[in-house]
file query_18.txt (compact mmCIF, C-alpha atoms)
# COMPACT_ATOMS: atom_id res chain seq x y z
CA MET A 1 7.36 -4.26 -19.53
CA HIS A 2 4.70 -6.70 -20.76
CA PRO A 3 6.26 -7.26 -24.22
CA TYR A 4 9.61 -7.90 -22.51
CA LEU A 5 8.06 -10.45 -20.14
CA ARG A 6 6.21 -12.19 -22.95
CA ARG A 7 9.43 -12.46 -24.93
CA ARG A 8 11.37 -13.70 -21.94
CA LEU A 9 8.74 -16.40 -21.36
CA GLY A 10 8.86 -17.43 -25.00
CA GLU A 11 5.27 -16.35 -25.64
CA GLU A 12 6.31 -13.76 -28.23
CA PRO A 13 9.21 -13.87 -30.72
CA VAL A 14 12.14 -11.51 -30.24
CA SER A 15 12.17 -9.00 -33.07
CA TYR A 16 13.64 -5.61 -33.94
CA LEU A 17 12.00 -2.82 -35.89
CA HIS A 18 15.32 -2.35 -37.70
CA PRO A 19 18.62 -4.31 -37.70
CA ALA A 20 20.46 -1.22 -36.43
CA LEU A 21 18.56 -1.50 -33.14
CA GLU A 22 19.82 -4.98 -32.25
CA PRO A 23 23.14 -3.95 -30.58
CA ALA A 24 21.33 -1.52 -28.26
CA LEU A 25 18.33 -3.73 -27.46
CA ARG A 26 19.73 -7.27 -27.53
CA GLU A 27 19.95 -7.63 -23.75
CA THR A 28 16.30 -6.56 -23.34
CA LEU A 29 15.00 -8.73 -26.19
CA GLY A 30 14.25 -5.89 -28.57
CA VAL A 31 12.32 -3.76 -26.07
CA ILE A 32 13.44 -0.33 -24.82
CA LEU A 33 13.58 -0.64 -21.02
CA PHE A 34 16.35 1.67 -19.81
CA GLN A 35 17.21 5.30 -20.44
CA GLU A 36 20.78 4.40 -21.39
CA GLN A 37 19.40 2.51 -24.38
CA VAL A 38 17.88 5.72 -25.72
CA LEU A 39 21.36 7.16 -26.33
CA LYS A 40 22.40 4.01 -28.22
CA VAL A 41 19.21 3.89 -30.29
CA ALA A 42 19.53 7.57 -31.21
CA ARG A 43 23.20 7.08 -32.14
CA ASP A 44 22.91 3.82 -34.09
CA PHE A 45 19.56 4.41 -35.79
CA ALA A 46 19.38 8.20 -36.32
CA GLY A 47 23.05 9.22 -36.18
CA PHE A 48 22.63 11.48 -33.14
CA THR A 49 25.77 12.81 -31.50
CA PRO A 50 26.34 11.93 -27.81
CA GLY A 51 25.18 15.44 -26.91
CA GLN A 52 21.95 15.13 -28.90
CA GLY A 53 21.32 11.72 -27.40
CA GLU A 54 21.77 13.07 -23.87
CA LEU A 55 19.32 15.90 -24.53
CA LEU A 56 16.79 13.35 -25.81
CA ARG A 57 17.33 11.21 -22.71
CA ARG A 58 16.69 14.21 -20.47
CA ALA A 59 13.54 15.02 -22.40
CA LEU A 60 12.20 11.55 -21.56
CA GLY A 61 12.38 12.37 -17.86
CA ALA A 62 10.80 15.82 -18.15
CA LYS A 63 7.44 16.62 -16.56
CA ARG A 64 5.92 17.23 -19.99
CA ALA A 65 7.86 14.51 -21.74
CA ASP A 66 5.64 14.37 -24.86
CA GLU A 67 6.24 18.04 -25.66
CA GLU A 68 9.97 17.84 -24.93
CA ILE A 69 10.48 14.71 -27.02
CA GLU A 70 8.59 16.18 -29.97
CA ARG A 71 11.36 18.77 -30.36
CA PHE A 72 13.61 15.94 -31.60
CA HIS A 73 11.07 14.42 -33.99
CA ALA A 74 12.21 16.03 -37.24
CA ALA A 75 15.95 15.57 -36.57
CA PHE A 76 15.40 11.93 -35.60
CA LEU A 77 13.45 11.13 -38.77
CA ALA A 78 15.94 12.95 -40.98
CA GLY A 79 18.86 11.11 -39.44
CA ALA A 80 17.16 7.73 -39.77
CA LEU A 81 16.32 8.34 -43.42
CA ARG A 82 19.93 9.32 -44.14
CA ARG A 83 21.01 5.98 -42.68
CA GLY A 84 18.73 4.02 -44.96
CA ALA A 85 15.61 3.49 -42.84
CA ASP A 86 12.22 4.01 -44.45
CA GLU A 87 9.87 6.68 -43.08
CA ALA A 88 7.34 4.21 -41.62
CA THR A 89 10.04 2.40 -39.62
CA ALA A 90 11.55 5.69 -38.45
CA GLU A 91 8.14 6.87 -37.25
CA ALA A 92 7.55 3.56 -35.46
CA VAL A 93 10.89 3.74 -33.62
CA PHE A 94 10.28 7.34 -32.59
CA GLY A 95 6.80 6.32 -31.42
CA ARG A 96 8.40 3.71 -29.16
CA LEU A 97 10.66 6.39 -27.69
CA ARG A 98 7.69 8.71 -27.14
CA ALA A 99 5.74 5.96 -25.34
CA PHE A 100 8.83 5.09 -23.31
CA GLY A 101 8.93 8.65 -21.98
CA GLY A 102 5.95 8.01 -19.69
CA TYR A 103 7.82 5.54 -17.51
CA SER A 104 11.51 5.79 -18.42
CA PHE A 105 14.15 5.10 -15.79
CA PRO A 106 17.90 4.40 -15.78
CA LYS A 107 19.31 0.90 -15.54
CA SER A 108 21.10 1.91 -12.34
CA HIS A 109 17.76 2.66 -10.68
CA ALA A 110 16.36 -0.68 -11.79
CA ALA A 111 19.38 -2.45 -10.31
CA ALA A 112 19.17 -0.50 -7.04
CA PHE A 113 15.47 -1.27 -6.62
CA ALA A 114 16.05 -4.92 -7.48
CA VAL A 115 18.63 -5.17 -4.68
CA LEU A 116 16.19 -3.58 -2.20
CA VAL A 117 13.42 -5.96 -3.28
CA TYR A 118 15.68 -8.99 -2.94
CA ARG A 119 16.95 -7.99 0.49
CA SER A 120 13.43 -7.18 1.69
CA ALA A 121 12.16 -10.53 0.44
CA TRP A 122 15.06 -12.32 2.15
CA LEU A 123 14.34 -10.59 5.46
CA LYS A 124 10.61 -11.34 5.19
CA VAL A 125 11.35 -15.05 4.63
CA TYR A 126 14.05 -15.55 7.26
CA HIS A 127 13.36 -12.82 9.85
CA PRO A 128 9.67 -11.93 9.32
CA ILE A 129 8.92 -10.65 12.83
CA ALA A 130 11.81 -8.19 12.84
CA PHE A 131 10.95 -7.23 9.25
CA TYR A 132 7.33 -6.34 10.02
CA ALA A 133 8.30 -4.55 13.25
CA ALA A 134 10.86 -2.44 11.40
CA LEU A 135 8.31 -1.43 8.74
CA LEU A 136 5.81 -0.43 11.42
CA ASN A 137 8.46 1.68 13.14
CA HIS A 138 9.19 3.69 10.00
CA GLN A 139 5.74 4.82 8.94
CA PRO A 140 4.64 6.48 6.79
CA MET A 141 6.62 4.72 4.07
CA GLY A 142 6.27 2.43 1.14
CA PHE A 143 3.24 1.02 -0.56
CA TRP A 144 1.28 -0.55 2.28
CA THR A 145 -0.43 1.01 5.30
CA PRO A 146 0.28 -0.27 8.83
CA ALA A 147 -3.13 -2.00 8.85
CA VAL A 148 -2.21 -3.97 5.73
CA LEU A 149 1.18 -4.92 7.19
CA VAL A 150 -0.47 -6.22 10.38
CA SER A 151 -3.01 -8.23 8.37
CA ASP A 152 -0.28 -9.70 6.18
CA ALA A 153 1.75 -10.66 9.25
CA LYS A 154 -1.32 -12.40 10.69
CA ARG A 155 -1.78 -14.39 7.48
CA HIS A 156 1.81 -15.55 7.92
CA GLY A 157 1.10 -16.74 11.45
CA ILE A 158 2.56 -13.72 13.25
CA PRO A 159 0.21 -12.13 15.80
CA THR A 160 0.32 -8.42 16.55
CA ARG A 161 -0.39 -7.46 20.16
CA ARG A 162 -1.95 -4.14 21.01
CA VAL A 163 -0.24 -1.32 22.85
CA ASP A 164 0.06 -2.01 26.58
CA ILE A 165 1.20 0.54 29.18
CA ALA A 166 2.73 -2.32 31.20
CA CYS A 167 5.07 -3.70 28.52
CA SER A 168 5.13 -1.62 25.32
CA GLY A 169 8.21 0.42 24.48
CA TRP A 170 8.41 3.45 22.26
CA ARG A 171 8.95 1.28 19.17
CA CYS A 172 7.22 -1.86 17.96
CA ALA A 173 9.30 -4.90 18.88
CA PRO A 174 9.39 -8.72 18.62
CA GLU A 175 7.70 -10.44 21.57
CA ASP A 176 7.21 -14.20 22.05
CA GLY A 177 6.76 -15.08 18.40
CA GLY A 178 4.73 -11.97 17.61
CA ILE A 179 4.96 -8.18 17.49
CA ARG A 180 4.19 -5.88 20.40
CA LEU A 181 3.01 -2.49 19.19
CA GLY A 182 4.89 0.44 20.65
CA PHE A 183 3.62 3.85 21.72
CA ILE A 184 4.92 5.12 18.37
CA VAL A 185 1.64 3.98 16.71
CA ILE A 186 -0.53 6.22 18.94
CA LYS A 187 -1.49 9.31 16.96
CA GLY A 188 -0.12 12.42 18.66
CA MET A 189 2.26 10.54 20.98
CA SER A 190 5.87 11.72 21.06
CA GLU A 191 8.91 9.81 22.24
CA THR A 192 9.37 12.34 25.06
CA LEU A 193 5.86 11.71 26.40
CA ALA A 194 6.26 7.95 25.99
CA GLU A 195 9.39 8.17 28.14
CA ARG A 196 7.21 9.41 31.01
CA ILE A 197 5.30 6.12 30.92
CA LEU A 198 8.48 4.04 30.74
CA ALA A 199 10.14 5.95 33.57
CA ALA A 200 7.10 5.81 35.83
CA ARG A 201 6.51 2.07 35.47
CA THR A 202 10.14 1.23 36.35
CA GLU A 203 9.32 2.37 39.90
CA HIS A 204 6.33 0.02 40.22
CA PRO A 205 3.38 -1.10 38.06
CA PHE A 206 0.44 1.25 37.58
CA ARG A 207 -2.36 0.36 39.99
CA ASP A 208 -5.29 2.02 38.27
CA LEU A 209 -6.24 4.92 36.02
CA ARG A 210 -5.88 7.51 38.73
CA ASP A 211 -2.39 6.26 39.57
CA PHE A 212 -1.43 6.28 35.88
CA CYS A 213 -2.64 9.86 35.39
CA ARG A 214 -0.95 11.11 38.53
CA ARG A 215 2.46 9.60 37.76
CA THR A 216 2.68 10.24 34.01
CA ARG A 217 0.96 13.65 33.76
CA LEU A 218 0.04 12.95 30.14
CA PRO A 219 -2.43 15.21 28.33
CA ARG A 220 -6.03 14.03 28.56
CA ARG A 221 -6.28 13.45 24.80
CA LEU A 222 -3.36 10.98 24.88
CA ILE A 223 -4.73 9.10 27.88
CA GLU A 224 -8.02 8.82 26.02
CA ALA A 225 -6.14 7.56 22.92
CA LEU A 226 -4.36 4.93 25.03
CA ILE A 227 -7.70 3.75 26.41
CA LEU A 228 -9.21 3.55 22.92
CA ALA A 229 -6.17 1.62 21.67
CA GLY A 230 -6.57 -0.96 24.44
CA GLY A 231 -3.41 0.15 26.20
CA LEU A 232 -5.10 0.00 29.62
CA ASP A 233 -7.00 -3.25 29.04
CA GLY A 234 -4.61 -5.04 31.38
CA TRP A 235 -6.65 -3.98 34.39
CA GLY A 236 -9.64 -5.86 32.99
CA ASP A 237 -11.79 -2.75 32.94
CA ASN A 238 -14.30 -1.92 30.23
CA ARG A 239 -12.90 0.78 27.92
CA ARG A 240 -16.18 2.67 28.17
CA ALA A 241 -15.87 2.63 31.95
CA LEU A 242 -12.29 3.88 31.76
CA LEU A 243 -13.32 6.74 29.47
CA TRP A 244 -16.11 7.63 31.88
CA GLU A 245 -13.70 7.55 34.83
CA LEU A 246 -11.22 9.72 32.91
CA GLY A 247 -13.95 12.30 32.50
CA THR A 248 -14.45 12.40 36.27
CA LEU A 249 -10.78 13.10 37.04
CA ARG A 250 -9.21 16.49 37.54
CA LEU A 251 -5.89 15.61 35.94
CA GLU A 252 -3.84 18.30 37.67
CA GLU A 253 -4.19 16.40 40.95
CA ALA A 254 -5.63 13.13 39.52
CA LEU A 255 -8.53 13.53 41.93
CA ALA A 256 -12.10 12.51 41.28
CA LEU A 257 -14.48 15.40 40.82
CA PRO A 258 -17.13 15.61 43.54
CA GLY A 259 -20.47 13.96 42.97
CA GLU A 260 -19.26 11.54 40.24
CA ASP A 261 -20.10 7.90 41.02
CA ALA A 262 -19.06 4.89 38.96
CA ILE A 263 -21.73 3.57 36.63
CA ASP A 264 -22.20 0.21 34.96
CA LEU A 265 -21.62 0.54 31.20
CA PRO A 266 -22.17 -2.23 28.62
CA ALA A 267 -19.12 -4.04 27.27
CA LEU A 268 -17.84 -3.23 23.81
CA SER A 269 -18.39 -5.56 20.88
CA GLU A 270 -15.42 -6.91 18.95
CA ALA A 271 -16.23 -4.54 16.10
CA ASP A 272 -16.43 -1.56 18.50
CA GLU A 273 -13.00 -2.37 19.96
CA ALA A 274 -11.50 -2.73 16.49
CA ALA A 275 -12.96 0.62 15.41
CA MET A 276 -11.58 2.33 18.51
CA GLU A 277 -8.08 0.95 17.95
CA TYR A 278 -8.11 1.88 14.29
CA ALA A 279 -9.22 5.45 15.06
CA VAL A 280 -6.16 6.22 17.18
CA THR A 281 -3.49 3.91 15.70
CA GLY A 282 -4.54 3.10 12.13
CA ILE A 283 -4.22 -0.57 13.14
CA SER A 284 -6.61 -3.19 14.46
CA THR A 285 -4.98 -6.10 16.27
CA GLY A 286 -8.21 -8.08 16.38
CA GLU A 287 -10.01 -9.82 13.55
CA HIS A 288 -10.02 -8.31 10.08
CA PRO A 289 -13.13 -6.17 9.49
CA LEU A 290 -14.14 -8.37 6.55
CA ARG A 291 -14.28 -11.44 8.80
CA LEU A 292 -16.82 -9.63 10.95
CA LEU A 293 -18.88 -8.90 7.82
CA ARG A 294 -18.39 -12.27 6.12
CA GLY A 295 -21.80 -13.64 7.09
CA ARG A 296 -23.63 -10.70 5.51
CA LEU A 297 -21.34 -10.79 2.47
CA ARG A 298 -21.97 -14.50 1.93
CA GLU A 299 -25.73 -13.95 2.08
CA ARG A 300 -25.39 -11.60 -0.88
CA GLY A 301 -23.26 -14.03 -2.88
CA ILE A 302 -20.09 -11.95 -2.48
CA LEU A 303 -16.95 -14.07 -2.88
CA SER A 304 -13.79 -13.94 -0.78
CA SER A 305 -10.32 -13.72 -2.35
CA VAL A 306 -9.91 -17.47 -1.75
CA GLU A 307 -13.22 -18.35 -3.40
CA LEU A 308 -12.44 -16.08 -6.34
CA VAL A 309 -9.46 -18.21 -7.39
CA GLY A 310 -11.77 -21.15 -8.12
CA GLN A 311 -13.85 -19.23 -10.69
CA ARG A 312 -13.41 -19.67 -14.45
CA ASP A 313 -12.03 -16.96 -16.72
CA GLY A 314 -14.82 -14.65 -17.88
CA THR A 315 -17.25 -15.68 -15.12
CA PRO A 316 -19.42 -12.87 -13.62
CA VAL A 317 -18.33 -12.38 -10.00
CA CYS A 318 -18.92 -10.09 -7.04
CA VAL A 319 -16.21 -9.40 -4.45
CA ALA A 320 -15.64 -7.01 -1.55
CA GLY A 321 -12.71 -5.70 0.43
CA LEU A 322 -11.05 -2.74 2.09
CA LEU A 323 -9.46 -0.39 -0.43
CA VAL A 324 -5.72 -0.35 0.30
CA VAL A 325 -4.12 0.79 -2.99
CA HIS A 326 -5.33 2.97 -5.88
CA GLN A 327 -3.03 3.28 -8.90
CA ALA A 328 -3.43 5.39 -12.03
CA PRO A 329 -0.26 4.86 -14.15
CA PRO A 330 0.22 7.55 -16.81
CA THR A 331 0.89 4.85 -19.43
CA ALA A 332 -2.34 2.92 -18.73
CA LYS A 333 -4.51 4.97 -21.12
CA GLY A 334 -7.04 5.90 -18.44
CA PHE A 335 -7.31 2.48 -16.82
CA ARG A 336 -7.07 2.39 -13.03
CA PHE A 337 -6.09 -0.41 -10.71
CA LEU A 338 -7.35 -1.02 -7.18
CA THR A 339 -6.11 -3.45 -4.57
CA LEU A 340 -8.74 -4.57 -2.08
CA GLU A 341 -7.98 -6.64 1.01
CA ASP A 342 -10.19 -9.14 2.79
CA GLU A 343 -9.38 -11.46 5.69
CA PHE A 344 -7.68 -13.97 3.36
CA GLY A 345 -5.61 -11.78 1.06
CA PHE A 346 -5.74 -9.29 -1.80
CA LEU A 347 -8.07 -8.71 -4.74
CA ASN A 348 -6.87 -7.03 -7.95
CA ILE A 349 -9.48 -4.79 -9.57
CA ILE A 350 -9.23 -3.24 -13.06
CA ILE A 351 -11.38 -0.16 -13.75
CA ARG A 352 -12.02 0.89 -17.32
CA PRO A 353 -11.79 4.61 -18.19
CA LYS A 354 -15.56 4.99 -18.67
CA LEU A 355 -16.40 3.52 -15.24
CA TYR A 356 -14.06 5.65 -13.13
CA PRO A 357 -15.92 9.00 -13.40
CA ARG A 358 -19.09 7.33 -12.08
CA THR A 359 -17.29 5.72 -9.13
CA ARG A 360 -14.64 8.34 -8.31
CA HIS A 361 -16.41 9.53 -5.15
CA LEU A 362 -16.62 5.99 -3.74
CA ILE A 363 -12.98 5.21 -4.49
CA ARG A 364 -11.78 8.45 -2.92
CA ARG A 365 -13.86 7.77 0.19
CA GLY A 366 -12.36 4.29 0.56
CA GLY A 367 -13.64 1.83 3.14
CA VAL A 368 -15.27 -1.46 2.16
CA LEU A 369 -16.06 -1.54 -1.56
CA VAL A 370 -18.26 -4.06 -3.37
CA VAL A 371 -17.15 -4.77 -6.94
CA GLU A 372 -19.16 -6.53 -9.61
CA GLY A 373 -17.36 -7.65 -12.74
CA ARG A 374 -15.81 -10.52 -14.65
CA MET A 375 -12.92 -12.82 -13.86
CA GLN A 376 -9.72 -12.34 -15.81
CA TYR A 377 -6.70 -14.65 -15.70
CA GLU A 378 -3.58 -13.04 -17.15
CA GLY A 379 -0.09 -14.44 -16.72
CA GLY A 380 -1.12 -16.39 -13.65
CA VAL A 381 -2.60 -13.29 -11.99
CA VAL A 382 -6.27 -13.18 -11.00
CA ASN A 383 -8.06 -9.90 -11.74
CA VAL A 384 -11.64 -8.67 -11.64
CA VAL A 385 -12.55 -6.32 -14.49
CA ALA A 386 -15.12 -4.10 -12.79
CA SER A 387 -18.52 -3.27 -14.27
CA ALA A 388 -19.99 -1.67 -11.10
CA ILE A 389 -18.63 -0.45 -7.76
CA SER A 390 -20.59 0.40 -4.63
CA SER A 391 -19.93 1.05 -0.95
CA PHE A 392 -20.90 -1.82 1.31
CA ASN A 393 -22.30 0.56 3.90
CA HIS A 394 -24.63 2.11 1.32
CA SER A 395 -25.42 -1.04 -0.62
CA GLY A 396 -25.76 -3.51 2.24
call {"tool": "encode", "arguments": {"input": "query_18.txt", "output": "structure tokens"}}
result
Amino acid sequence: MHPYLRRRLGEEPVSYLHPALEPALRETLGVILFQEQVLKVARDFAGFTPGQGELLRRALGAKRADEEIERFHAAFLAGALRRGADEATAEAVFGRLRAFGGYSFPKSHAAAFAVLVYRSAWLKVYHPIAFYAALLNHQPMGFWTPAVLVSDAKRHGIPTRRVDIACSGWRCAPEDGGIRLGFIVIKGMSETLAERILAARTEHPFRDLRDFCRRTRLPRRLIEALILAGGLDGWGDNRRALLWELGTLRLEEALALPGEDAIDLPALSEADEAAMEYAVTGISTGEHPLRLLRGRLRERGILSSVELVGQRDGTPVCVAGLLVVHQAPPTAKGFRFLTLEDEFGFLNIIIRPKLYPRTRHLIRRGGVLVVEGRMQYEGGVVNVVASAISSFNHSG
């Protein structure tokens, strides 16, 4: 991919290991990108029959591609030598095919994904609210978690409103320039149980917790989840108080147990409310967790994603964010790539092979990670090449 992009940008000359490869690789500037090109390379360079070329193409997509491809090594070299190629060039071309096996895909797949990407981008630009709502309604899917989608929507000026028993539907839906979360995001909630809430409130609004329990007959664990998610905040009651009251109710009759009096409980902090929501929905509609930590992070000289952009290439830096993506491509020679998110955007982290074994347990645990390293600008992309990784909770 990278050689192709460099050649397309004019940063690297277009070249071919052998003139016989030009017809097959002209459209991709001398780089093997698609599986279909393998058949042409094998035919034009090594004299493979269509059947041999197809077997080689299948080998590229095998689970143990290296072993499968090696079966064709001798025949490929012999064919290339018969057609006038020298042994070094033949070995180099076969080496390109072997490397290609780690990520090979057909041109048809590339075209299909490109269409999906274009249409998704178009929807995000022109109908962003409906786009985000649709993604939230079809979880789990794709690359990004619901929390990341909600944060990204917020950065684009689209608020996400928490679940509300008075106005939420089963699905997430556009509402007054924002997105109203539906009961679908509550862990353990089914559409059938959500219908009980919708049917009951059409008669008249819920007056209080006891009325809600009596008319919906939901399991206690789901009522508790709705309280934690802020779904009953509309009454203006403290969530702690609602949880306490729920514990005093005998749900079969929605009656208060004898001897249980209301008590005055302290209000929740913003961080407490966010943690509660996240526990039962995987989403926090309030401020991003990193905003709540920004003061402590700044005291330690930890940069935000916005501040990182202003640093020079090669500068030592320290950043922090929620781990949202961990990639380990088989063609990356042991390098790993993390995506962290703070309240302003994303941070790209590169982990060298020697560092990963020492930090594996932190990366697998996730949460807020602190990364020390050096700035790297590459093709307009800002990366941090990590030298040390720690958990904020354990290092702060």
call {"tool": "closest_residue", "arguments": {"input": "query_18.txt", "among": "A:Gln37, A:Ser15, A:Ser104, A:Ser151", "to": "Pro289 of chain A", "atoms": "only C-alpha atoms"}}
result
A:Ser151
call {"tool": "closest_residue", "arguments": {"input": "query_18.txt", "among": "A:Pro159, A:Glu307, A:Asp208, A:Ala199", "to": "Glu287 of chain A", "atoms": "all atoms listed in the file"}}
result
A:Pro159
call {"tool": "closest_atom_pairs", "arguments": {"input": "query_18.txt", "of": "segment 179-215 of chain A", "to": "segment 114-133 of chain A", "cutoff": "10 Å", "atoms": "only C-alpha atoms", "output": "Markdown table"}}
result
| residue | atom | partner | partner_atom | distance |
| --- | --- | --- | --- | --- |
| A:Ile179 | CA | A:Ala133 | CA | 6.5 |
| A:Arg180 | CA | A:Ala133 | CA | 8.4 |
| A:Leu181 | CA | A:Ala133 | CA | 8.2 |
| A:Gly182 | CA | A:Ala133 | CA | 9.6 |
call {"tool": "atom_distance", "arguments": {"input": "query_18.txt", "atom1": "atom CA of Ala274 of chain A", "atom2": "atom CA of Asp164 of chain A"}}
result
15.4 Å
call {"tool": "closest_residue", "arguments": {"input": "query_18.txt", "among": "A:Val382, A:Ala241, A:Ala20, A:Leu193", "to": "Pro266 of chain A", "atoms": "all atoms listed in the file"}}
result
A:Ala241
call {"tool": "residues_around", "arguments": {"input": "query_18.txt", "residues": "Leu135 of chain A", "least_positions_apart": "4", "cutoff": "10 Å", "atoms": "only C-alpha atoms", "output": "list in words"}}
result
Ala130, Phe131, Gln139, Pro140, Met141, Gly142, Trp144, Thr145, Pro146, Leu149 and Cys172 of chain A
call {"tool": "atom_distance", "arguments": {"input": "query_18.txt", "atom1": "atom CA of Val41 of chain A", "atom2": "atom CA of Arg8 of chain A"}}
result
21.0 Å
call {"tool": "closest_residue", "arguments": {"input": "query_18.txt", "among": "A:Gly157, A:Cys167, A:Arg43, A:Glu91", "to": "Pro23 of chain A", "atoms": "only C-alpha atoms"}}
result
A:Arg43
call {"tool": "atom_distance", "arguments": {"input": "query_18.txt", "atom1": "atom CA of Ala147 of chain A", "atom2": "atom CA of His361 of chain A"}}
result
22.5 Å
call {"tool": "axis_aligned_box", "arguments": {"input": "query_18.txt", "around": "segment 215-233 of chain A", "padding_each_side": "8 Å", "output": "lines of an AutoDock Vina configuration file"}}
result
center_x = -3.3
center_y = 6.0
center_z = 29.7
size_x = 27.9
size_y = 34.5
size_z = 32.1
call {"tool": "closest_residue", "arguments": {"input": "query_18.txt", "among": "A:Val371, A:Asp237, A:Arg336, A:Gly177", "to": "Pro357 of chain A", "atoms": "all atoms listed in the file"}}
result
A:Arg336
call {"tool": "closest_residue", "arguments": {"input": "query_18.txt", "among": "A:His156, A:His288, A:His73, A:Arg374", "to": "Cys318 of chain A", "atoms": "only C-alpha atoms"}}
result
A:Arg374
call {"tool": "residues_around", "arguments": {"input": "query_18.txt", "residues": "Ile363 of chain A", "least_positions_apart": "6", "cutoff": "12 Å", "atoms": "all atoms listed in the file", "output": "VMD selection string"}}
result
chain A and resid 321 to 327 336 to 340 349 351 355 to 357 369 to 371 388 to 391
call {"tool": "residues_around", "arguments": {"input": "query_18.txt", "residues": "Lys40 of chain A", "least_positions_apart": "6", "cutoff": "9 Å", "atoms": "all atoms listed in the file", "output": "list in words"}}
result
Leu21, Pro23, Ala24, Leu25, Phe48, Pro50 and Gly53 of chain A
call {"tool": "build_atoms", "arguments": {"input": "query_18.txt", "residues": "segment 41-54 of chain A", "atoms": "N, CA and C atoms", "output": "short mmCIF file (atom, residue, chain, number, x, y, z; two decimals), in the coordinates of the input"}}
result
data_model
loop_
_atom_site.label_atom_id
_atom_site.label_comp_id
_atom_site.auth_asym_id
_atom_site.auth_seq_id
_atom_site.Cartn_x
_atom_site.Cartn_y
_atom_site.Cartn_z
N VAL A 41 20.16 3.92 -29.18
CA VAL A 41 19.21 3.89 -30.29
C VAL A 41 19.34 5.16 -31.13
N ALA A 42 19.42 6.30 -30.48
CA ALA A 42 19.53 7.57 -31.21
C ALA A 42 20.83 7.63 -32.00
N ARG A 43 21.90 7.08 -31.44
CA ARG A 43 23.20 7.08 -32.14
C ARG A 43 23.21 6.11 -33.32
N ASP A 44 22.79 4.86 -33.06
CA ASP A 44 22.91 3.82 -34.09
C ASP A 44 21.87 3.94 -35.19
N PHE A 45 20.66 4.40 -34.83
CA PHE A 45 19.56 4.41 -35.79
C PHE A 45 19.41 5.76 -36.50
N ALA A 46 19.62 6.87 -35.74
CA ALA A 46 19.38 8.20 -36.32
C ALA A 46 20.64 9.04 -36.44
N GLY A 47 21.80 8.49 -36.03
CA GLY A 47 23.05 9.22 -36.18
C GLY A 47 23.20 10.39 -35.24
N PHE A 48 22.50 10.39 -34.11
CA PHE A 48 22.63 11.48 -33.14
C PHE A 48 24.04 11.49 -32.55
N THR A 49 24.52 12.69 -32.25
CA THR A 49 25.77 12.81 -31.50
C THR A 49 25.51 12.47 -30.04
N PRO A 50 26.56 12.19 -29.25
CA PRO A 50 26.34 11.93 -27.81
C PRO A 50 25.59 13.07 -27.13
N GLY A 51 25.87 14.31 -27.52
CA GLY A 51 25.18 15.44 -26.91
C GLY A 51 23.70 15.46 -27.24
N GLN A 52 23.37 15.18 -28.52
CA GLN A 52 21.95 15.13 -28.90
C GLN A 52 21.23 13.98 -28.19
N GLY A 53 21.93 12.86 -28.08
CA GLY A 53 21.32 11.72 -27.40
C GLY A 53 21.05 12.01 -25.94
N GLU A 54 21.96 12.73 -25.28
CA GLU A 54 21.77 13.07 -23.87
C GLU A 54 20.60 14.03 -23.70
#
